[in-house]
>>> print(open('final-v7.cif').read())   # mmCIF, C-alpha atoms and all ligand atoms
data_final
#
loop_
_atom_site.label_atom_id
_atom_site.label_comp_id
_atom_site.auth_asym_id
_atom_site.auth_seq_id
_atom_site.Cartn_x
_atom_site.Cartn_y
_atom_site.Cartn_z
CA MET W 63 7.08 -18.95 -8.86
CA GLU W 64 9.01 -17.70 -5.84
CA PRO W 65 10.17 -14.09 -6.08
CA ARG W 66 13.83 -13.59 -5.23
CA GLN W 67 14.38 -11.88 -1.89
CA GLY W 68 16.43 -8.81 -1.16
CA THR W 69 19.20 -10.80 0.54
CA PRO W 70 21.48 -13.25 -1.25
CA ASP W 71 20.67 -16.86 -0.53
CA ALA W 72 23.93 -18.68 0.08
CA GLY W 73 27.00 -18.20 2.27
CA GLN W 74 27.79 -17.50 5.85
CA GLY W 75 27.69 -13.73 6.33
CA LEU W 76 24.19 -14.12 5.21
CA THR W 77 22.86 -16.05 8.14
CA LEU W 78 24.06 -13.08 10.17
CA THR W 79 22.50 -10.58 7.79
CA ARG W 80 19.30 -12.49 7.85
CA GLY W 81 19.32 -12.79 11.64
CA ARG W 82 19.76 -9.06 11.93
CA MET W 83 17.04 -8.36 9.39
CA ASP W 84 14.64 -10.57 11.32
CA GLU W 85 15.53 -8.75 14.53
CA LYS W 86 14.99 -5.36 12.93
CA ARG W 87 11.71 -6.48 11.46
CA GLU W 88 10.45 -7.96 14.72
CA LYS W 89 11.39 -4.78 16.56
CA LEU W 90 9.49 -2.66 14.06
CA ILE W 91 6.45 -4.90 14.22
CA ARG W 92 6.51 -4.94 18.04
CA SER W 93 6.81 -1.18 18.29
CA LYS W 94 4.05 -0.57 15.75
CA GLN W 95 1.80 -2.99 17.64
CA GLN W 96 2.64 -1.08 20.82
CA TRP W 97 1.67 2.20 19.10
CA ALA W 98 -1.74 0.73 18.32
CA ALA W 99 -2.17 -0.52 21.88
CA GLU W 100 -1.23 2.89 23.32
CA GLY W 101 -3.03 4.98 20.72
CA ARG W 102 0.27 6.77 19.99
CA LEU W 103 0.08 10.06 18.03
CA LEU W 104 -3.68 10.42 18.46
CA THR W 105 -4.77 14.07 18.71
CA GLY W 106 -8.51 13.32 18.91
CA ARG W 107 -9.06 15.94 16.21
CA LYS W 108 -10.74 15.60 12.83
CA ALA W 109 -9.93 17.86 9.93
CA ASP W 110 -11.50 19.02 6.69
CA PRO W 111 -9.32 18.32 3.64
CA SER W 112 -10.84 21.29 1.79
CA ARG W 113 -9.51 23.65 4.50
CA GLU W 114 -6.24 22.02 5.58
CA ARG W 115 -3.46 20.25 3.76
CA LEU W 116 -2.02 18.22 6.68
CA PRO W 117 -4.30 15.71 8.46
CA PRO W 118 -4.33 15.79 12.29
CA GLY W 119 -1.13 14.63 13.98
CA GLN W 120 0.89 14.59 10.74
CA ARG W 121 4.16 16.41 9.97
CA LEU W 122 5.55 17.28 6.57
CA VAL W 123 8.70 15.62 5.22
CA LYS W 124 10.58 16.42 2.01
CA ASP W 125 12.37 13.11 1.52
CA TRP W 126 10.51 9.85 0.94
CA PRO W 127 10.93 7.30 3.76
CA VAL W 128 10.87 3.56 3.03
CA LEU W 129 8.46 1.62 5.24
CA ASP W 130 7.77 -2.09 5.04
CA LEU W 131 8.46 -5.43 6.69
CA GLY W 132 12.10 -5.38 5.58
CA ILE W 133 11.73 -7.71 2.61
CA HIS W 134 12.11 -6.04 -0.76
CA PRO W 135 11.20 -8.75 -3.27
CA GLU W 136 12.98 -8.44 -6.59
CA ILE W 137 10.52 -9.13 -9.35
CA ALA W 138 11.73 -8.75 -12.90
CA PRO W 139 8.97 -7.46 -15.18
CA ASP W 140 9.11 -10.86 -16.94
CA ASP W 141 8.21 -12.63 -13.67
CA TRP W 142 5.56 -10.13 -12.70
CA SER W 143 1.84 -10.67 -13.01
CA LEU W 144 -1.27 -9.24 -11.43
CA THR W 145 -4.29 -11.44 -10.77
CA VAL W 146 -7.68 -9.76 -10.34
CA GLY W 147 -10.64 -11.80 -9.20
CA GLY W 148 -13.15 -12.47 -6.45
CA LEU W 149 -16.66 -11.13 -6.89
CA VAL W 150 -16.26 -10.02 -10.52
CA GLU W 151 -17.86 -10.90 -13.84
CA ALA W 152 -14.61 -10.99 -15.79
CA PRO W 153 -11.53 -12.00 -13.77
CA LEU W 154 -8.21 -11.21 -15.42
CA ARG W 155 -4.48 -11.71 -15.15
CA TRP W 156 -2.06 -9.21 -16.61
CA ASP W 157 1.54 -9.92 -17.42
CA TRP W 158 3.83 -6.90 -17.64
CA ALA W 159 3.17 -6.21 -21.34
CA ALA W 160 -0.60 -6.43 -20.87
CA PHE W 161 -0.45 -4.12 -17.85
CA MET W 162 1.70 -1.55 -19.66
CA SER W 163 -0.57 -1.58 -22.72
CA GLN W 164 -3.59 -0.36 -20.70
CA PRO W 165 -4.63 3.32 -20.92
CA GLN W 166 -2.22 5.36 -18.81
CA ALA W 167 -3.33 7.65 -16.01
CA GLU W 168 -1.39 10.28 -14.11
CA SER W 169 -2.31 11.62 -10.69
CA VAL W 170 -0.63 13.96 -8.23
CA SER W 171 -1.41 13.28 -4.57
CA ASP W 172 -0.19 13.55 -0.99
CA ILE W 173 1.08 10.60 1.06
CA HIS W 174 0.02 10.25 4.71
CA CYS W 175 1.77 7.50 6.66
CA VAL W 176 0.29 6.40 9.97
CA THR W 177 3.74 6.77 11.62
CA SER W 178 3.09 10.55 11.19
CA TRP W 179 5.00 11.65 8.08
CA SER W 180 3.24 13.18 5.11
CA ARG W 181 4.72 14.00 1.72
CA PHE W 182 3.02 16.40 -0.68
CA ASP W 183 2.68 16.34 -4.47
CA ASN W 184 3.73 12.87 -5.58
CA ARG W 185 3.26 12.41 -9.29
CA TRP W 186 2.26 8.84 -10.11
CA THR W 187 1.75 7.17 -13.48
CA GLY W 188 0.00 3.86 -13.98
CA VAL W 189 -3.38 2.29 -14.59
CA ALA W 190 -6.41 3.92 -12.93
CA THR W 191 -8.30 1.57 -10.62
CA ARG W 192 -11.47 2.84 -12.35
CA HIS W 193 -10.23 1.44 -15.64
CA LEU W 194 -9.55 -1.93 -13.98
CA ILE W 195 -13.05 -1.86 -12.45
CA ASP W 196 -14.59 -1.20 -15.88
CA LEU W 197 -12.82 -4.28 -17.21
CA VAL W 198 -13.51 -6.82 -14.44
CA LYS W 199 -17.02 -5.59 -13.51
CA PRO W 200 -17.35 -6.23 -9.77
CA ARG W 201 -20.77 -7.52 -8.75
CA PRO W 202 -23.14 -5.07 -7.02
CA GLU W 203 -22.61 -6.80 -3.63
CA THR W 204 -18.93 -5.79 -3.63
CA ARG W 205 -17.97 -3.71 -0.59
CA PHE W 206 -14.28 -4.43 0.04
CA VAL W 207 -11.05 -4.92 -1.83
CA LEU W 208 -8.38 -7.34 -0.58
CA LEU W 209 -4.78 -6.97 -1.70
CA LYS W 210 -1.85 -9.38 -1.74
CA SER W 211 1.79 -8.60 -2.39
CA PHE W 212 4.92 -10.49 -3.41
CA ASP W 213 6.46 -10.05 0.09
CA GLY W 214 3.50 -11.82 1.72
CA TYR W 215 1.91 -8.53 2.84
CA THR W 216 -1.88 -8.18 2.77
CA THR W 217 -4.25 -5.30 3.35
CA ASN W 218 -7.97 -4.54 2.94
CA LEU W 219 -9.92 -1.40 2.12
CA PRO W 220 -13.43 -0.19 1.27
CA PHE W 221 -14.35 -0.42 -2.40
CA GLU W 222 -15.15 3.33 -2.60
CA ASN W 223 -11.62 4.34 -1.60
CA PHE W 224 -10.12 1.88 -4.07
CA ALA W 225 -12.42 3.19 -6.82
CA ALA W 226 -11.67 6.89 -6.22
CA GLU W 227 -10.61 8.96 -9.20
CA ASP W 228 -7.07 9.53 -7.89
CA ALA W 229 -6.34 5.84 -7.11
CA LEU W 230 -4.09 3.87 -9.44
CA ILE W 231 -1.76 0.93 -9.84
CA ALA W 232 1.44 2.88 -10.28
CA HIS W 233 4.57 1.85 -12.15
CA SER W 234 6.24 5.28 -12.12
CA TRP W 235 6.86 8.11 -9.71
CA GLU W 236 7.94 11.55 -10.94
CA GLY W 237 8.26 10.12 -14.44
CA LYS W 238 10.71 7.38 -13.46
CA PRO W 239 10.08 3.65 -12.93
CA LEU W 240 9.17 3.01 -9.32
CA SER W 241 12.25 1.82 -7.41
CA ARG W 242 12.22 -1.64 -5.89
CA GLU W 243 12.24 -0.33 -2.31
CA HIS W 244 9.13 1.76 -3.01
CA GLY W 245 7.23 -1.18 -4.46
CA GLY W 246 8.42 -1.49 -8.07
CA PRO W 247 7.60 -2.83 -10.55
CA ALA W 248 4.06 -1.86 -9.49
CA ARG W 249 2.21 -0.79 -6.36
CA LEU W 250 -1.22 0.44 -5.44
CA VAL W 251 -1.70 4.14 -4.59
CA VAL W 252 -4.89 5.09 -2.71
CA PRO W 253 -4.37 8.71 -1.60
CA SER W 254 -7.56 8.96 0.52
CA LEU W 255 -6.25 6.46 3.12
CA TYR W 256 -3.11 6.09 5.24
CA PHE W 257 -0.29 4.76 3.12
CA TRP W 258 -0.23 1.26 4.64
CA LYS W 259 -3.30 0.51 2.46
CA SER W 260 -1.21 1.23 -0.65
CA ALA W 261 0.29 -2.22 -1.17
CA LYS W 262 3.80 -2.30 -2.69
CA TRP W 263 4.88 -5.16 -5.05
CA LEU W 264 1.21 -5.79 -5.79
CA ARG W 265 0.40 -9.33 -6.91
CA ALA W 266 -3.36 -9.90 -6.48
CA ILE W 267 -6.57 -7.94 -6.06
CA ALA W 268 -9.83 -9.56 -4.93
CA PHE W 269 -13.23 -7.88 -4.75
CA ALA W 270 -15.40 -9.11 -1.88
CA GLU W 271 -18.67 -8.67 -0.07
CA ARG W 272 -17.10 -9.62 3.26
CA ASP W 273 -14.21 -7.78 4.84
CA GLU W 274 -10.99 -9.58 5.76
CA PRO W 275 -8.35 -7.86 7.92
CA GLY W 276 -4.88 -7.66 6.41
CA TYR W 277 -1.44 -7.69 8.02
CA TRP W 278 -1.58 -4.44 10.07
CA GLU W 279 -5.34 -4.57 10.51
CA LYS W 280 -4.90 -7.85 12.43
CA LEU W 281 -2.29 -6.15 14.64
CA GLY W 282 -4.62 -3.36 15.78
CA TYR W 283 -4.63 -0.93 12.86
CA HIS W 284 -7.90 0.61 11.67
CA ASP W 285 -10.04 -1.21 9.16
CA VAL W 286 -10.62 1.90 7.01
CA GLY W 287 -7.70 4.23 7.86
CA ASP W 288 -9.01 7.67 6.84
CA PRO W 289 -6.30 10.18 7.90
CA TRP W 290 -8.80 13.09 8.11
CA ASN W 291 -10.78 11.20 10.76
CA GLU W 292 -7.49 10.07 12.30
CA GLU W 293 -8.43 6.43 11.90
CA ARG W 294 -5.02 5.12 12.91
CA TYR W 295 -6.03 2.21 15.15
CA GLN W 296 -8.95 -0.08 15.86
CA ASP W 297 -11.05 1.22 18.78
N1 LIG U 1 3.88 -5.17 0.08
C1 LIG U 1 3.96 -4.27 1.04
N2 LIG U 1 3.32 -3.10 0.88
C2 LIG U 1 3.39 -2.15 1.84
C3 LIG U 1 4.10 -2.37 3.03
C4 LIG U 1 4.76 -3.63 3.18
O1 LIG U 1 5.42 -3.93 4.20
N3 LIG U 1 4.67 -4.54 2.16
N4 LIG U 1 4.14 -1.39 3.99
C5 LIG U 1 3.07 -0.36 3.96
C6 LIG U 1 3.37 0.76 4.81
S1 LIG U 1 3.19 0.54 6.48
C7 LIG U 1 3.67 2.00 4.29
S2 LIG U 1 3.78 3.38 5.24
C8 LIG U 1 3.94 2.18 2.83
C9 LIG U 1 5.33 2.74 2.65
O2 LIG U 1 5.63 2.94 1.29
P1 LIG U 1 7.05 3.53 0.93
O3 LIG U 1 8.09 2.61 1.49
O4 LIG U 1 7.08 3.63 -0.56
O5 LIG U 1 7.13 4.88 1.59
O6 LIG U 1 3.85 0.97 2.12
C10 LIG U 1 2.80 0.12 2.54
N5 LIG U 1 2.73 -0.98 1.61
MO MO U 2 3.18 2.70 7.42
#
>>> encode(input="final-v7.cif", output="C-alpha cells", more="lines below")
Ligand SMILES: Nc1nc2c(c(=O)[nH]1)N[C@H]1C(S)=C(S)[C@@H](COP(=O)(O)O)O[C@H]1N2
Ligand SMILES: [Mo]
Amino acid sequence: MEPRQGTPDAGQGLTLTRGRMDEKREKLIRSKQQWAAEGRLLTGRKADPSRERLPPGQRLVKDWPVLDLGIHPEIAPDDWSLTVGGLVEAPLRWDWAAFMSQPQAESVSDIHCVTSWSRFDNRWTGVATRHLIDLVKPRPETRFVLLKSFDGYTTNLPFENFAAEDALIAHSWEGKPLSREHGGPARLVVPSLYFWKSAKWLRAIAFAERDEPGYWEKLGYHDVGDPWNEERYQD
C-alpha cells in the first residue's frame, strides 16, 4: 500500500509546489553532501559523556527542528505496520493495535543532530528495542540493524547501539502522540548516535550480519555516527 504524501495529488498549483519541494530537497541534499566532503563542523575533539553534556561541535537549542528529505508521509494508524525480520528466529509484523499492546517503556534522552544542534531531555514513550529483541531473537551472528521508512529513507547502525537500554520505537514525545513531521505514528530513537540514525515513519527493521549503508551513509556520512567521537563523516 502506498502511503499518502504530504502534498495533495491533483491540480495545477501543485506541480509548482512539487517543483519547489524538489528544489529545496535537492539543495539540502547537495549541501549536506558538501558538508561531508569538506568535513564541515569537525573540531577534531573527542569528549567523555560522563563529564560533558554537549558532544564536540554541538550547540544547544530549545526548539525542536524538523530535518528530513522534505516528504512527510501521512500514515493513518490503520495503514501502519512494522515488519521485523532478517537474521532472527521469530520474524514478526505488528499492526498498530499489536504495537500499542506491547509493554510500554519511557526514556528521557538528548538529541544530537549532525548539523550541530542538540536538544536536551526529550521524554519518549514507546516499545523498548530490548523488548523487540527478546521477541524476535536475533541470531548470534547479528552485528547490524537496517531500517526502512515510509518516505523511502534507509539507515544502518550497529546492533549494540540499537539494543541499548535507552533505545525505543517511540509513538509519543512529552506525553503526546508524535507529530507527523517528527515521524509519527512511530519512529526509532537511538540516543547514543547522531539523530539521522533514528528513522522517522519506521516501516521495517532487519537484523543482519553484513552492513549495508543507508541513505546518508552512501552520501559520505559515518557508518556508526557516535557524537562523542565526532563520527560525522566517513574518513
Ligand atoms: N524516515 C526518515 N527518517 C529520518 C530522516 C528522514 O529524512 N526520513 N532524517 C533524519 C535526520 S537527518 C534527522 S536529523 C532526524 C530529524 O528528526 P526530527 O525532524 O524529528 O528532528 O530524523 C532522521 N530520520
Ligand atoms: Mo540530520
>>> residues_near_ligand(input="final-v7.cif", ligand="ligand MO 2 (chain U)", cutoff="12 Å", atoms="only C-alpha atoms and all ligand atoms", output="MDAnalysis selection string")
chainID W and resid 90:91 94:95 97 127:131 173:180 217 255:262 277:279 283 287 294
>>> closest_residue(input="final-v7.cif", among="W:Ala160, W:Leu281, W:Leu264, W:Leu230", to="ligand LIG 1 (chain U)", atoms="all atoms listed in the file")
W:Leu264
>>> residues_around(input="final-v7.cif", residues="Glu168 (chain W)", least_positions_apart="3", cutoff="9 Å", atoms="all atoms listed in the file", output="list in words")
Arg185, Trp186, Thr187, Gly188, Val189, Ala190, Asp228, Leu230 and Ala232 of chain W
>>> closest_residue(input="final-v7.cif", among="W:Thr145, W:Thr216, W:Ser112, W:Ser234", to="ligand LIG 1 (chain U)", atoms="all atoms listed in the file")
W:Thr216
>>> atom_distance(input="final-v7.cif", atom1="CA of Glu292 (chain W)", atom2="CA of Arg107 (chain W)")
7.2 Å
>>> atom_distance(input="final-v7.cif", atom1="CA of Asp157 (chain W)", atom2="atom S2 of ligand LIG 1 (chain U)")
26.4 Å
>>> closest_residue(input="final-v7.cif", among="W:Pro135, W:Pro202, W:Glu151, W:Asp172", to="Trp263 (chain W)", atoms="only C-alpha atoms")
W:Pro135
